[in-house]
>>> print(open('start16.cif').read())   # mmCIF, C-alpha atoms and all ligand atoms
data_target
#
loop_
_atom_site.group_PDB
_atom_site.id
_atom_site.type_symbol
_atom_site.label_atom_id
_atom_site.label_comp_id
_atom_site.auth_asym_id
_atom_site.auth_seq_id
_atom_site.Cartn_x
_atom_site.Cartn_y
_atom_site.Cartn_z
ATOM 1 C CA MET D 1 -0.581 3.940 34.294
ATOM 2 C CA SER D 2 1.661 6.390 32.456
ATOM 3 C CA GLU D 3 1.193 7.027 28.752
ATOM 4 C CA GLN D 4 4.528 5.261 28.119
ATOM 5 C CA THR D 5 3.282 2.009 29.596
ATOM 6 C CA ARG D 6 -0.268 1.865 28.241
ATOM 7 C CA GLY D 7 -1.128 -1.362 26.472
ATOM 8 C CA ARG D 8 0.780 -4.605 27.034
ATOM 9 C CA LEU D 9 4.030 -6.200 25.977
ATOM 10 C CA THR D 10 4.344 -9.576 24.246
ATOM 11 C CA ARG D 11 6.831 -12.224 25.464
ATOM 12 C CA GLU D 12 9.306 -10.766 22.974
ATOM 13 C CA GLY D 13 8.873 -7.278 24.470
ATOM 14 C CA ILE D 14 6.809 -5.953 21.555
ATOM 15 C CA ARG D 15 4.232 -3.360 22.632
ATOM 16 C CA ILE D 16 0.591 -3.938 21.722
ATOM 17 C CA HIS D 17 -1.010 -0.516 21.266
ATOM 18 C CA GLU D 18 -4.629 0.494 21.679
ATOM 19 C CA ALA D 19 -7.056 1.694 19.023
ATOM 20 C CA ALA D 20 -6.666 5.366 20.035
ATOM 21 C CA ASP D 21 -2.873 5.131 19.583
ATOM 22 C CA PHE D 22 -3.315 4.652 15.824
ATOM 23 C CA THR D 23 -4.533 8.263 15.662
ATOM 24 C CA GLY D 24 -1.326 9.538 17.258
ATOM 25 C CA MET D 25 0.827 7.524 14.851
ATOM 26 C CA HIS D 26 -1.260 8.640 11.895
ATOM 27 C CA ARG D 27 -0.619 12.305 12.780
ATOM 28 C CA ALA D 28 3.126 11.826 13.238
ATOM 29 C CA GLY D 29 3.389 9.743 10.061
ATOM 30 C CA ALA D 30 1.405 12.272 8.039
ATOM 31 C CA LEU D 31 3.751 15.101 9.044
ATOM 32 C CA ALA D 32 6.858 13.080 8.137
ATOM 33 C CA ALA D 33 5.316 12.150 4.778
ATOM 34 C CA THR D 34 4.225 15.746 4.101
ATOM 35 C CA ILE D 35 7.794 16.901 4.702
ATOM 36 C CA LEU D 36 9.078 14.274 2.240
ATOM 37 C CA ASP D 37 6.535 15.537 -0.324
ATOM 38 C CA ALA D 38 7.623 19.149 0.162
ATOM 39 C CA ILE D 39 11.366 18.498 0.111
ATOM 40 C CA ALA D 40 11.302 17.205 -3.486
ATOM 41 C CA GLU D 41 11.600 20.699 -4.983
ATOM 42 C CA HIS D 42 14.722 21.350 -2.884
ATOM 43 C CA VAL D 43 16.633 18.460 -4.460
ATOM 44 C CA PHE D 44 18.545 19.521 -7.587
ATOM 45 C CA VAL D 45 21.993 19.565 -9.185
ATOM 46 C CA GLY D 46 24.240 22.035 -7.331
ATOM 47 C CA GLN D 47 22.326 21.800 -4.057
ATOM 48 C CA THR D 48 24.129 20.615 -0.901
ATOM 49 C CA THR D 49 22.730 17.949 1.390
ATOM 50 C CA ALA D 50 23.179 20.357 4.323
ATOM 51 C CA ALA D 51 20.859 22.860 2.613
ATOM 52 C CA ILE D 52 18.218 20.154 2.165
ATOM 53 C CA ASP D 53 18.550 19.194 5.841
ATOM 54 C CA LYS D 54 18.178 22.831 6.895
ATOM 55 C CA VAL D 55 14.853 23.071 5.046
ATOM 56 C CA ILE D 56 13.678 19.870 6.743
ATOM 57 C CA GLU D 57 14.623 21.228 10.162
ATOM 58 C CA GLU D 58 12.647 24.408 9.432
ATOM 59 C CA MET D 59 9.609 22.429 8.248
ATOM 60 C CA VAL D 60 9.598 20.331 11.435
ATOM 61 C CA GLU D 61 9.783 23.476 13.538
ATOM 62 C CA ALA D 62 7.090 25.273 11.495
ATOM 63 C CA ALA D 63 4.756 22.339 12.164
ATOM 64 C CA GLY D 64 5.305 22.698 15.916
ATOM 65 C CA ALA D 65 6.877 19.237 16.020
ATOM 66 C CA ARG D 66 10.307 17.943 17.030
ATOM 67 C CA SER D 67 13.014 16.120 15.130
ATOM 68 C CA ALA D 68 13.724 12.697 16.608
ATOM 69 C CA THR D 69 17.221 12.548 15.163
ATOM 70 C CA ILE D 70 18.658 15.840 16.502
ATOM 71 C CA GLY D 71 20.401 14.808 19.725
ATOM 72 C CA TYR D 72 19.845 11.088 19.090
ATOM 73 C CA LYS D 73 23.077 9.298 20.128
ATOM 74 C CA GLY D 74 24.960 12.510 19.361
ATOM 75 C CA TYR D 75 23.480 12.903 15.849
ATOM 76 C CA ARG D 76 22.964 16.592 15.028
ATOM 77 C CA HIS D 77 20.735 16.726 11.943
ATOM 78 C CA ALA D 78 17.011 16.571 11.135
ATOM 79 C CA SER D 79 17.513 13.947 8.421
ATOM 80 C CA CYS D 80 19.833 11.321 7.064
ATOM 81 C CA ILE D 81 20.723 11.881 3.402
ATOM 82 C CA SER D 82 22.354 8.901 1.711
ATOM 83 C CA VAL D 83 23.720 9.505 -1.791
ATOM 84 C CA ASN D 84 24.468 6.768 -4.380
ATOM 85 C CA HIS D 85 26.571 4.020 -2.712
ATOM 86 C CA VAL D 86 25.716 5.306 0.782
ATOM 87 C CA VAL D 87 23.352 2.667 2.201
ATOM 88 C CA CYS D 88 21.946 4.673 5.130
ATOM 89 C CA HIS D 89 22.771 7.218 7.868
ATOM 90 C CA GLY D 90 24.447 9.635 5.454
ATOM 91 C CA ILE D 91 25.235 12.858 7.318
ATOM 92 C CA PRO D 92 24.047 16.082 5.634
ATOM 93 C CA GLY D 93 27.017 18.279 4.755
ATOM 94 C CA ASP D 94 28.650 20.390 2.078
ATOM 95 C CA LYS D 95 28.515 17.615 -0.526
ATOM 96 C CA VAL D 96 27.112 19.137 -3.751
ATOM 97 C CA LEU D 97 24.605 17.039 -5.706
ATOM 98 C CA LYS D 98 25.629 16.298 -9.296
ATOM 99 C CA ASP D 99 23.705 15.097 -12.338
ATOM 100 C CA GLY D 100 22.467 11.523 -11.941
ATOM 101 C CA ASP D 101 22.874 11.291 -8.155
ATOM 102 C CA ILE D 102 20.186 9.281 -6.385
ATOM 103 C CA LEU D 103 19.578 9.904 -2.710
ATOM 104 C CA ASN D 104 17.532 8.610 0.174
ATOM 105 C CA ILE D 105 16.118 11.211 2.562
ATOM 106 C CA ASP D 106 15.060 9.765 5.930
ATOM 107 C CA VAL D 107 13.048 11.895 8.364
ATOM 108 C CA THR D 108 11.734 11.071 11.824
ATOM 109 C CA VAL D 109 9.438 13.514 13.638
ATOM 110 C CA ILE D 110 7.806 13.490 17.052
ATOM 111 C CA VAL D 111 4.206 14.765 17.210
ATOM 112 C CA ASP D 112 2.452 14.713 20.605
ATOM 113 C CA GLY D 113 4.984 12.100 21.712
ATOM 114 C CA TRP D 114 4.439 9.770 18.719
ATOM 115 C CA PHE D 115 7.253 8.967 16.263
ATOM 116 C CA GLY D 116 6.802 9.051 12.473
ATOM 117 C CA ASP D 117 9.772 7.549 10.597
ATOM 118 C CA THR D 118 9.895 7.392 6.800
ATOM 119 C CA SER D 119 12.271 7.665 3.863
ATOM 120 C CA ARG D 120 12.107 7.865 0.090
ATOM 121 C CA MET D 121 14.417 8.128 -2.907
ATOM 122 C CA TYR D 122 15.104 11.388 -4.751
ATOM 123 C CA LEU D 123 17.054 12.319 -7.832
ATOM 124 C CA ALA D 124 19.292 15.172 -8.980
ATOM 125 C CA GLY D 125 19.184 15.665 -12.739
ATOM 126 C CA SER D 126 18.596 12.667 -14.958
ATOM 127 C CA LEU D 127 18.008 9.056 -13.978
ATOM 128 C CA SER D 128 20.078 6.201 -15.411
ATOM 129 C CA ARG D 129 18.256 3.003 -16.384
ATOM 130 C CA LYS D 130 20.012 0.950 -13.721
ATOM 131 C CA ALA D 131 19.258 3.490 -10.970
ATOM 132 C CA GLU D 132 15.633 3.602 -12.102
ATOM 133 C CA ARG D 133 15.356 -0.178 -11.853
ATOM 134 C CA LEU D 134 17.042 -0.242 -8.430
ATOM 135 C CA ILE D 135 14.630 2.365 -7.084
ATOM 136 C CA GLN D 136 11.610 0.602 -8.585
ATOM 137 C CA VAL D 137 12.640 -2.771 -7.134
ATOM 138 C CA THR D 138 13.373 -1.282 -3.692
ATOM 139 C CA HIS D 139 9.975 0.409 -3.481
ATOM 140 C CA GLU D 140 8.258 -2.765 -4.638
ATOM 141 C CA ALA D 141 10.240 -4.710 -1.999
ATOM 142 C CA LEU D 142 8.889 -2.437 0.753
ATOM 143 C CA MET D 143 5.310 -2.767 -0.493
ATOM 144 C CA THR D 144 5.679 -6.557 -0.854
ATOM 145 C CA GLY D 145 6.817 -6.710 2.770
ATOM 146 C CA ILE D 146 3.840 -4.627 3.883
ATOM 147 C CA GLU D 147 1.482 -6.957 1.984
ATOM 148 C CA ALA D 148 2.690 -9.817 4.204
ATOM 149 C CA VAL D 149 1.564 -7.949 7.340
ATOM 150 C CA ARG D 150 -1.538 -9.297 9.116
ATOM 151 C CA PRO D 151 -2.265 -10.764 12.545
ATOM 152 C CA GLY D 152 -0.982 -14.339 12.709
ATOM 153 C CA ALA D 153 1.784 -13.863 10.122
ATOM 154 C CA THR D 154 5.378 -13.771 11.430
ATOM 155 C CA PHE D 155 8.221 -11.292 11.063
ATOM 156 C CA GLY D 156 10.046 -14.004 9.126
ATOM 157 C CA ASP D 157 7.211 -13.939 6.579
ATOM 158 C CA ILE D 158 7.867 -10.226 6.010
ATOM 159 C CA GLY D 159 11.616 -10.741 5.610
ATOM 160 C CA HIS D 160 11.121 -13.694 3.306
ATOM 161 C CA ALA D 161 8.697 -11.772 1.070
ATOM 162 C CA ILE D 162 11.221 -8.934 0.695
ATOM 163 C CA GLN D 163 14.298 -11.115 0.197
ATOM 164 C CA SER D 164 12.754 -13.499 -2.315
ATOM 165 C CA TYR D 165 11.393 -10.620 -4.406
ATOM 166 C CA VAL D 166 14.704 -8.696 -4.418
ATOM 167 C CA GLU D 167 16.913 -11.700 -5.142
ATOM 168 C CA ALA D 168 14.638 -12.767 -8.024
ATOM 169 C CA GLN D 169 15.535 -9.374 -9.560
ATOM 170 C CA ARG D 170 19.243 -10.263 -9.118
ATOM 171 C CA MET D 171 19.781 -7.527 -6.538
ATOM 172 C CA SER D 172 20.770 -7.966 -2.880
ATOM 173 C CA VAL D 173 19.190 -7.154 0.491
ATOM 174 C CA VAL D 174 21.364 -5.460 3.116
ATOM 175 C CA ARG D 175 21.605 -7.584 6.301
ATOM 176 C CA ASP D 176 23.450 -5.114 8.552
ATOM 177 C CA PHE D 177 20.501 -2.756 9.199
ATOM 178 C CA CYS D 178 16.883 -3.514 9.946
ATOM 179 C CA GLY D 179 13.489 -2.003 10.680
ATOM 180 C CA HIS D 180 12.305 -1.575 14.253
ATOM 181 C CA GLY D 181 9.356 -1.240 16.549
ATOM 182 C CA LEU D 182 8.367 2.357 17.314
ATOM 183 C CA GLY D 183 5.519 4.319 18.847
ATOM 184 C CA ARG D 184 6.185 6.619 21.785
ATOM 185 C CA VAL D 185 9.830 5.589 21.320
ATOM 186 C CA PHE D 186 12.132 5.759 18.288
ATOM 187 C CA HIS D 187 13.575 2.261 18.344
ATOM 188 C CA ALA D 188 11.930 -0.631 20.186
ATOM 189 C CA PRO D 189 11.691 -4.408 19.770
ATOM 190 C CA PRO D 190 11.512 -6.212 17.459
ATOM 191 C CA ASN D 191 14.306 -5.976 14.916
ATOM 192 C CA VAL D 192 12.457 -6.159 11.602
ATOM 193 C CA LEU D 193 14.774 -8.098 9.297
ATOM 194 C CA HIS D 194 14.433 -7.681 5.543
ATOM 195 C CA TYR D 195 15.398 -11.303 4.924
ATOM 196 C CA GLY D 196 14.359 -14.560 6.553
ATOM 197 C CA ARG D 197 12.395 -17.767 6.447
ATOM 198 C CA PRO D 198 8.585 -18.079 6.439
ATOM 199 C CA GLY D 199 6.995 -18.929 9.789
ATOM 200 C CA THR D 200 10.019 -17.836 11.854
ATOM 201 C CA GLY D 201 10.306 -14.953 14.314
ATOM 202 C CA PRO D 202 7.652 -13.370 16.537
ATOM 203 C CA ARG D 203 4.018 -13.580 15.482
ATOM 204 C CA LEU D 204 2.321 -10.337 14.422
ATOM 205 C CA GLU D 205 -0.576 -9.062 16.512
ATOM 206 C CA GLU D 206 -3.050 -6.237 16.012
ATOM 207 C CA GLY D 207 -1.671 -3.081 17.665
ATOM 208 C CA MET D 208 2.019 -3.644 16.879
ATOM 209 C CA PHE D 209 3.729 -0.565 15.370
ATOM 210 C CA PHE D 210 6.995 -0.928 13.442
ATOM 211 C CA THR D 211 8.964 0.219 10.417
ATOM 212 C CA ILE D 212 9.886 -1.734 7.320
ATOM 213 C CA GLU D 213 12.859 -0.110 5.590
ATOM 214 C CA PRO D 214 14.646 -2.398 3.138
ATOM 215 C CA MET D 215 18.004 -1.350 1.715
ATOM 216 C CA VAL D 216 18.736 -2.925 -1.669
ATOM 217 C CA ASN D 217 22.107 -2.984 -3.455
ATOM 218 C CA LEU D 218 22.837 -3.498 -7.149
ATOM 219 C CA GLY D 219 25.941 -5.433 -6.113
ATOM 220 C CA ARG D 220 26.827 -7.397 -2.987
ATOM 221 C CA PRO D 221 24.955 -6.936 0.320
ATOM 222 C CA GLU D 222 27.980 -6.175 2.534
ATOM 223 C CA THR D 223 28.334 -2.729 4.079
ATOM 224 C CA LYS D 224 30.897 -0.848 6.131
ATOM 225 C CA VAL D 225 30.588 2.183 8.386
ATOM 226 C CA LEU D 226 32.933 5.105 7.672
ATOM 227 C CA ALA D 227 35.209 6.796 10.226
ATOM 228 C CA ASP D 228 32.456 9.315 11.097
ATOM 229 C CA ASP D 229 30.756 6.346 12.848
ATOM 230 C CA TRP D 230 27.459 6.935 10.981
ATOM 231 C CA THR D 231 27.770 6.742 7.192
ATOM 232 C CA ALA D 232 27.169 3.187 5.961
ATOM 233 C CA VAL D 233 28.341 2.407 2.413
ATOM 234 C CA THR D 234 28.353 -0.642 0.168
ATOM 235 C CA ARG D 235 31.710 -2.423 0.405
ATOM 236 C CA ASP D 236 31.795 -2.946 -3.356
ATOM 237 C CA LYS D 237 30.786 0.718 -4.017
ATOM 238 C CA SER D 238 27.639 -0.455 -5.810
ATOM 239 C CA LEU D 239 24.525 1.722 -5.897
ATOM 240 C CA SER D 240 22.088 1.328 -2.984
ATOM 241 C CA ALA D 241 18.482 2.421 -2.427
ATOM 242 C CA GLN D 242 16.014 2.402 0.485
ATOM 243 C CA PHE D 243 12.374 3.152 1.237
ATOM 244 C CA GLU D 244 10.813 3.212 4.720
ATOM 245 C CA HIS D 245 7.262 3.281 6.069
ATOM 246 C CA SER D 246 5.971 3.272 9.637
ATOM 247 C CA ILE D 247 2.999 0.923 9.895
ATOM 248 C CA GLY D 248 0.515 -0.500 12.392
ATOM 249 C CA VAL D 249 -0.986 -3.992 12.369
ATOM 250 C CA THR D 250 -4.785 -3.832 12.038
ATOM 251 C CA SER D 251 -7.371 -6.614 12.406
ATOM 252 C CA SER D 252 -6.985 -7.502 8.724
ATOM 253 C CA GLY D 253 -3.617 -6.151 7.541
ATOM 254 C CA ALA D 254 -1.565 -2.973 7.893
ATOM 255 C CA GLU D 255 -2.232 0.741 8.204
ATOM 256 C CA ILE D 256 0.590 2.714 6.598
ATOM 257 C CA PHE D 257 1.072 5.815 8.755
ATOM 258 C CA THR D 258 3.576 7.490 6.414
ATOM 259 C CA LEU D 259 1.783 7.342 3.055
ATOM 260 C CA SER D 260 2.321 10.486 0.974
ATOM 261 C CA PRO D 261 -0.722 12.784 1.215
ATOM 262 C CA ALA D 262 0.144 13.865 -2.353
ATOM 263 C CA GLY D 263 0.271 10.247 -3.559
ATOM 264 C CA ARG D 264 3.999 10.559 -4.282
ATOM 265 C CA PHE D 265 6.717 8.099 -3.543
ATOM 266 C CA HIS D 266 9.226 8.228 -6.295
ATOM 267 C CA PRO D 267 11.415 10.820 -8.044
ATOM 268 C CA THR D 268 9.869 10.474 -11.503
ATOM 269 C CA TRP D 269 6.645 8.497 -11.346
ATOM 270 C CA GLY D 270 3.743 7.642 -8.963
HETATM 271 N N1 LIG A 301 15.558 7.212 10.735
HETATM 272 C C1 LIG A 301 16.538 6.152 10.925
HETATM 273 C C2 LIG A 301 15.747 4.870 11.010
HETATM 274 O O1 LIG A 301 15.063 4.572 10.070
HETATM 275 C C3 LIG A 301 17.376 6.361 12.133
HETATM 276 C C4 LIG A 301 18.277 7.512 11.982
HETATM 277 S S1 LIG A 301 19.126 7.739 13.439
HETATM 278 C C5 LIG A 301 20.152 9.011 13.070
HETATM 279 O O2 LIG A 301 15.717 4.155 11.973
HETATM 280 F F1 LIG A 301 20.631 9.401 14.209
HETATM 281 F F2 LIG A 301 21.051 8.607 12.227
HETATM 282 F F3 LIG A 301 19.454 9.997 12.516
HETATM 283 CO CO CO A 302 13.464 3.541 10.918
HETATM 284 CO CO CO A 303 14.148 6.283 9.189
#
>>> encode(input="start16.cif", output="C-alpha cells")
Amino acid sequence: MSEQTRGRLTREGIRIHEAADFTGMHRAGALAATILDAIAEHVFVGQTTAAIDKVIEEMVEAAGARSATIGYKGYRHASCISVNHVVCHGIPGDKVLKDGDILNIDVTVIVDGWFGDTSRMYLAGSLSRKAERLIQVTHEALMTGIEAVRPGATFGDIGHAIQSYVEAQRMSVVRDFCGHGLGRVFHAPPNVLHYGRPGTGPRLEEGMFFTIEPMVNLGRPETKVLADDWTAVTRDKSLSAQFEHSIGVTSSGAEIFTLSPAGRFHPTWG
C-alpha cells in the first residue's frame, strides 16, 4: 500500500489515520505555528503585506519545508493575509498597514508530506475595543468548537457549538467558507461547517484529521469574492476575524497540531 492510501476511508470518504501519522501532523503543525509566532515582529504600521509574505516564504525554506499554497490553484504566495473587512484569502501585495488594522495571517506548510494549516490574528498599531472583542470572540469560537471534538460526536455538534457561541455575542458566522479534512493532502472530505445542528453530519472517529477555522463578522455573515478571484470580503464592509487550527481526533478528544510553541495566539494577550 502506498503512503497516500494507508489507513481506511469512512463511508463519507473521511480518512482514518494511524497512530504514527499523528507524529507527522505534529511536526508539520509545529512548524506552521512556529512561523506564526515568529512573524509577529514583522507586523507593524508602514509594513506591506507582501513584505510579511516574503519573510514567511523564507522561513518555510529555511526550515527545509515547502509552502502548500505556492502553486495551489494558481496561487503564488506563501500565506494569505486578510486585513480588516477581508474575510479570508487576502493576497499579499503592496498594501501598507496603517494604525488600527487587524489582519489574519494563514500559513500552510508541508513537512515530510504532511500538511500543517493554521492562522491567527495580528495587529498594526493600536487595537480598538470593537476589534479586540471580535478577535477575542473568534478565538473563543475556535476553542469552543475544538472542545466539542471527541469520537462519537458529530461535525454538526462542532458547528453548533461555534454558531451558538458567536451568535450569543451578537456577531455572525461566515457560511461561505469552511474547514476541511487534511493530512497528506491539503483539502479533503469532510467540509467542516462552522454552523449547524447537534447530532447532524458525519460522526467523528479517532484518527480523523481536519481544520476548524471559523470566520466571524461584526456585521452580517454574507461575503463576496473580488475580481482577483481570491479575496473574500464582507458584503457590508464590517470587520471580520478568523483563527484556524489543524487537529486530530484522539481516543478521548482532540490533539491540536498547530498550538503555538511560545503559548501565543493573540496580538496583545495570551
Ligand atoms: N490556508 C487556507 C485554508 O485554510 C487555504 C488557502 S489556499 C490559497 O484552507 F491558495 F489561497 F492559499
Ligand atoms: Co484550512
Ligand atoms: Co489555512
>>> closest_atom_pairs(input="start16.cif", of="chain D", to="ligand CO 303 (chain A)", cutoff="6 Å", atoms="only C-alpha atoms and all ligand atoms", output="CSV")
residue,atom,partner,partner_atom,distance
D:Asp106,CA,A:CO303,CO,4.9
D:Val107,CA,A:CO303,CO,5.8
D:Thr108,CA,A:CO303,CO,6.0
D:Asp117,CA,A:CO303,CO,4.8
D:Thr118,CA,A:CO303,CO,5.0
D:Ser119,CA,A:CO303,CO,5.8
>>> write_last_selection(input="start16.cif", atoms="C-alpha atoms", output="PDB file, in the frame of the given file")
ATOM      1  CA  ASP D 106      15.060   9.765   5.930  1.00  0.00           C
ATOM      2  CA  VAL D 107      13.048  11.895   8.364  1.00  0.00           C
ATOM      3  CA  THR D 108      11.734  11.071  11.824  1.00  0.00           C
ATOM      4  CA  ASP D 117       9.772   7.549  10.597  1.00  0.00           C
ATOM      5  CA  THR D 118       9.895   7.392   6.800  1.00  0.00           C
ATOM      6  CA  SER D 119      12.271   7.665   3.863  1.00  0.00           C
TER       7      SER D 119
END
>>> closest_atom_pairs(input="start16.cif", of="chain D", to="ligand CO 302 (chain A)", cutoff="10 Å", atoms="all atoms listed in the file", output="tab-separated table")
residue	atom	partner	partner_atom	distance
D:Asp106	CA	A:CO302	CO	8.1
D:Val107	CA	A:CO302	CO	8.7
D:Thr108	CA	A:CO302	CO	7.8
D:Phe115	CA	A:CO302	CO	9.8
D:Gly116	CA	A:CO302	CO	8.8
D:Asp117	CA	A:CO302	CO	5.5
D:Thr118	CA	A:CO302	CO	6.7
D:Ser119	CA	A:CO302	CO	8.3
D:Phe177	CA	A:CO302	CO	9.6
D:Cys178	CA	A:CO302	CO	7.9
D:Gly179	CA	A:CO302	CO	5.5
D:His180	CA	A:CO302	CO	6.2
D:Gly181	CA	A:CO302	CO	8.5
D:Leu182	CA	A:CO302	CO	8.3
D:Phe186	CA	A:CO302	CO	7.8
D:His187	CA	A:CO302	CO	7.5
D:Val192	CA	A:CO302	CO	9.8
D:Phe210	CA	A:CO302	CO	8.3
D:Thr211	CA	A:CO302	CO	5.6
D:Ile212	CA	A:CO302	CO	7.3
D:Glu213	CA	A:CO302	CO	6.5
D:Pro214	CA	A:CO302	CO	9.9
D:Phe243	CA	A:CO302	CO	9.7
D:Glu244	CA	A:CO302	CO	6.7
D:His245	CA	A:CO302	CO	7.9
D:Ser246	CA	A:CO302	CO	7.6
>>> atom_distance(input="start16.cif", atom1="CA of Pro267 (chain D)", atom2="CA of Ala51 (chain D)")
18.6 Å
>>> closest_residue(input="start16.cif", among="D:Ile162, D:Val87, D:Cys80, D:Ile102", to="ligand LIG 301 (chain A)", atoms="all atoms listed in the file")
D:Cys80
>>> residues_around(input="start16.cif", residues="Glu57 (chain D)", least_positions_apart="5", cutoff="8 Å", atoms="all atoms listed in the file", output="PDB file with C-alpha atoms, keeping the file's coordinate frame")
ATOM      1  CA  SER D  67      13.014  16.120  15.130  1.00  0.00           C
ATOM      2  CA  HIS D  77      20.735  16.726  11.943  1.00  0.00           C
ATOM      3  CA  ALA D  78      17.011  16.571  11.135  1.00  0.00           C
TER       4      ALA D  78
END
>>> residues_around(input="start16.cif", residues="region 228-237 of chain D", least_positions_apart="6", cutoff="12 Å", atoms="all atoms listed in the file", output="PDB file with C-alpha atoms, keeping the file's coordinate frame")
ATOM      1  CA  TYR D  72      19.845  11.088  19.090  1.00  0.00           C
ATOM      2  CA  LYS D  73      23.077   9.298  20.128  1.00  0.00           C
ATOM      3  CA  GLY D  74      24.960  12.510  19.361  1.00  0.00           C
ATOM      4  CA  TYR D  75      23.480  12.903  15.849  1.00  0.00           C
ATOM      5  CA  ARG D  76      22.964  16.592  15.028  1.00  0.00           C
ATOM      6  CA  HIS D  77      20.735  16.726  11.943  1.00  0.00           C
ATOM      7  CA  CYS D  80      19.833  11.321   7.064  1.00  0.00           C
ATOM      8  CA  ILE D  81      20.723  11.881   3.402  1.00  0.00           C
ATOM      9  CA  SER D  82      22.354   8.901   1.711  1.00  0.00           C
ATOM     10  CA  VAL D  83      23.720   9.505  -1.791  1.00  0.00           C
ATOM     11  CA  ASN D  84      24.468   6.768  -4.380  1.00  0.00           C
ATOM     12  CA  HIS D  85      26.571   4.020  -2.712  1.00  0.00           C
ATOM     13  CA  VAL D  86      25.716   5.306   0.782  1.00  0.00           C
ATOM     14  CA  VAL D  87      23.352   2.667   2.201  1.00  0.00           C
ATOM     15  CA  CYS D  88      21.946   4.673   5.130  1.00  0.00           C
ATOM     16  CA  HIS D  89      22.771   7.218   7.868  1.00  0.00           C
ATOM     17  CA  GLY D  90      24.447   9.635   5.454  1.00  0.00           C
ATOM     18  CA  ILE D  91      25.235  12.858   7.318  1.00  0.00           C
ATOM     19  CA  PRO D  92      24.047  16.082   5.634  1.00  0.00           C
ATOM     20  CA  GLY D  93      27.017  18.279   4.755  1.00  0.00           C
ATOM     21  CA  SER D 172      20.770  -7.966  -2.880  1.00  0.00           C
ATOM     22  CA  VAL D 173      19.190  -7.154   0.491  1.00  0.00           C
ATOM     23  CA  VAL D 174      21.364  -5.460   3.116  1.00  0.00           C
ATOM     24  CA  ARG D 175      21.605  -7.584   6.301  1.00  0.00           C
ATOM     25  CA  ASP D 176      23.450  -5.114   8.552  1.00  0.00           C
ATOM     26  CA  PHE D 177      20.501  -2.756   9.199  1.00  0.00           C
ATOM     27  CA  MET D 215      18.004  -1.350   1.715  1.00  0.00           C
ATOM     28  CA  VAL D 216      18.736  -2.925  -1.669  1.00  0.00           C
ATOM     29  CA  ASN D 217      22.107  -2.984  -3.455  1.00  0.00           C
ATOM     30  CA  LEU D 218      22.837  -3.498  -7.149  1.00  0.00           C
ATOM     31  CA  GLY D 219      25.941  -5.433  -6.113  1.00  0.00           C
ATOM     32  CA  ARG D 220      26.827  -7.397  -2.987  1.00  0.00           C
ATOM     33  CA  PRO D 221      24.955  -6.936   0.320  1.00  0.00           C
ATOM     34  CA  GLU D 222      27.980  -6.175   2.534  1.00  0.00           C
TER      35      GLU D 222
END
>>> residues_around(input="start16.cif", residues="region 19-34 of chain D", least_positions_apart="3", cutoff="6 Å", atoms="all atoms listed in the file", output="PyMOL selection string")
chain D and resi 37+111+114-116+257-258+260
>>> atom_distance(input="start16.cif", atom1="CA of Val45 (chain D)", atom2="CA of Gly125 (chain D)")
6.0 Å
>>> closest_residue(input="start16.cif", among="D:Leu127, D:Ile256, D:Ala141, D:Val225", to="Gln242 (chain D)", atoms="all atoms listed in the file")
D:Ala141
>>> closest_residue(input="start16.cif", among="D:Ala68, D:Leu97, D:Ala254, D:Val60", to="His42 (chain D)", atoms="all atoms listed in the file")
D:Leu97
>>> closest_residue(input="start16.cif", among="D:Ala131, D:Ile110, D:Ile39, D:Ala161", to="Thr144 (chain D)", atoms="only C-alpha atoms")
D:Ala161
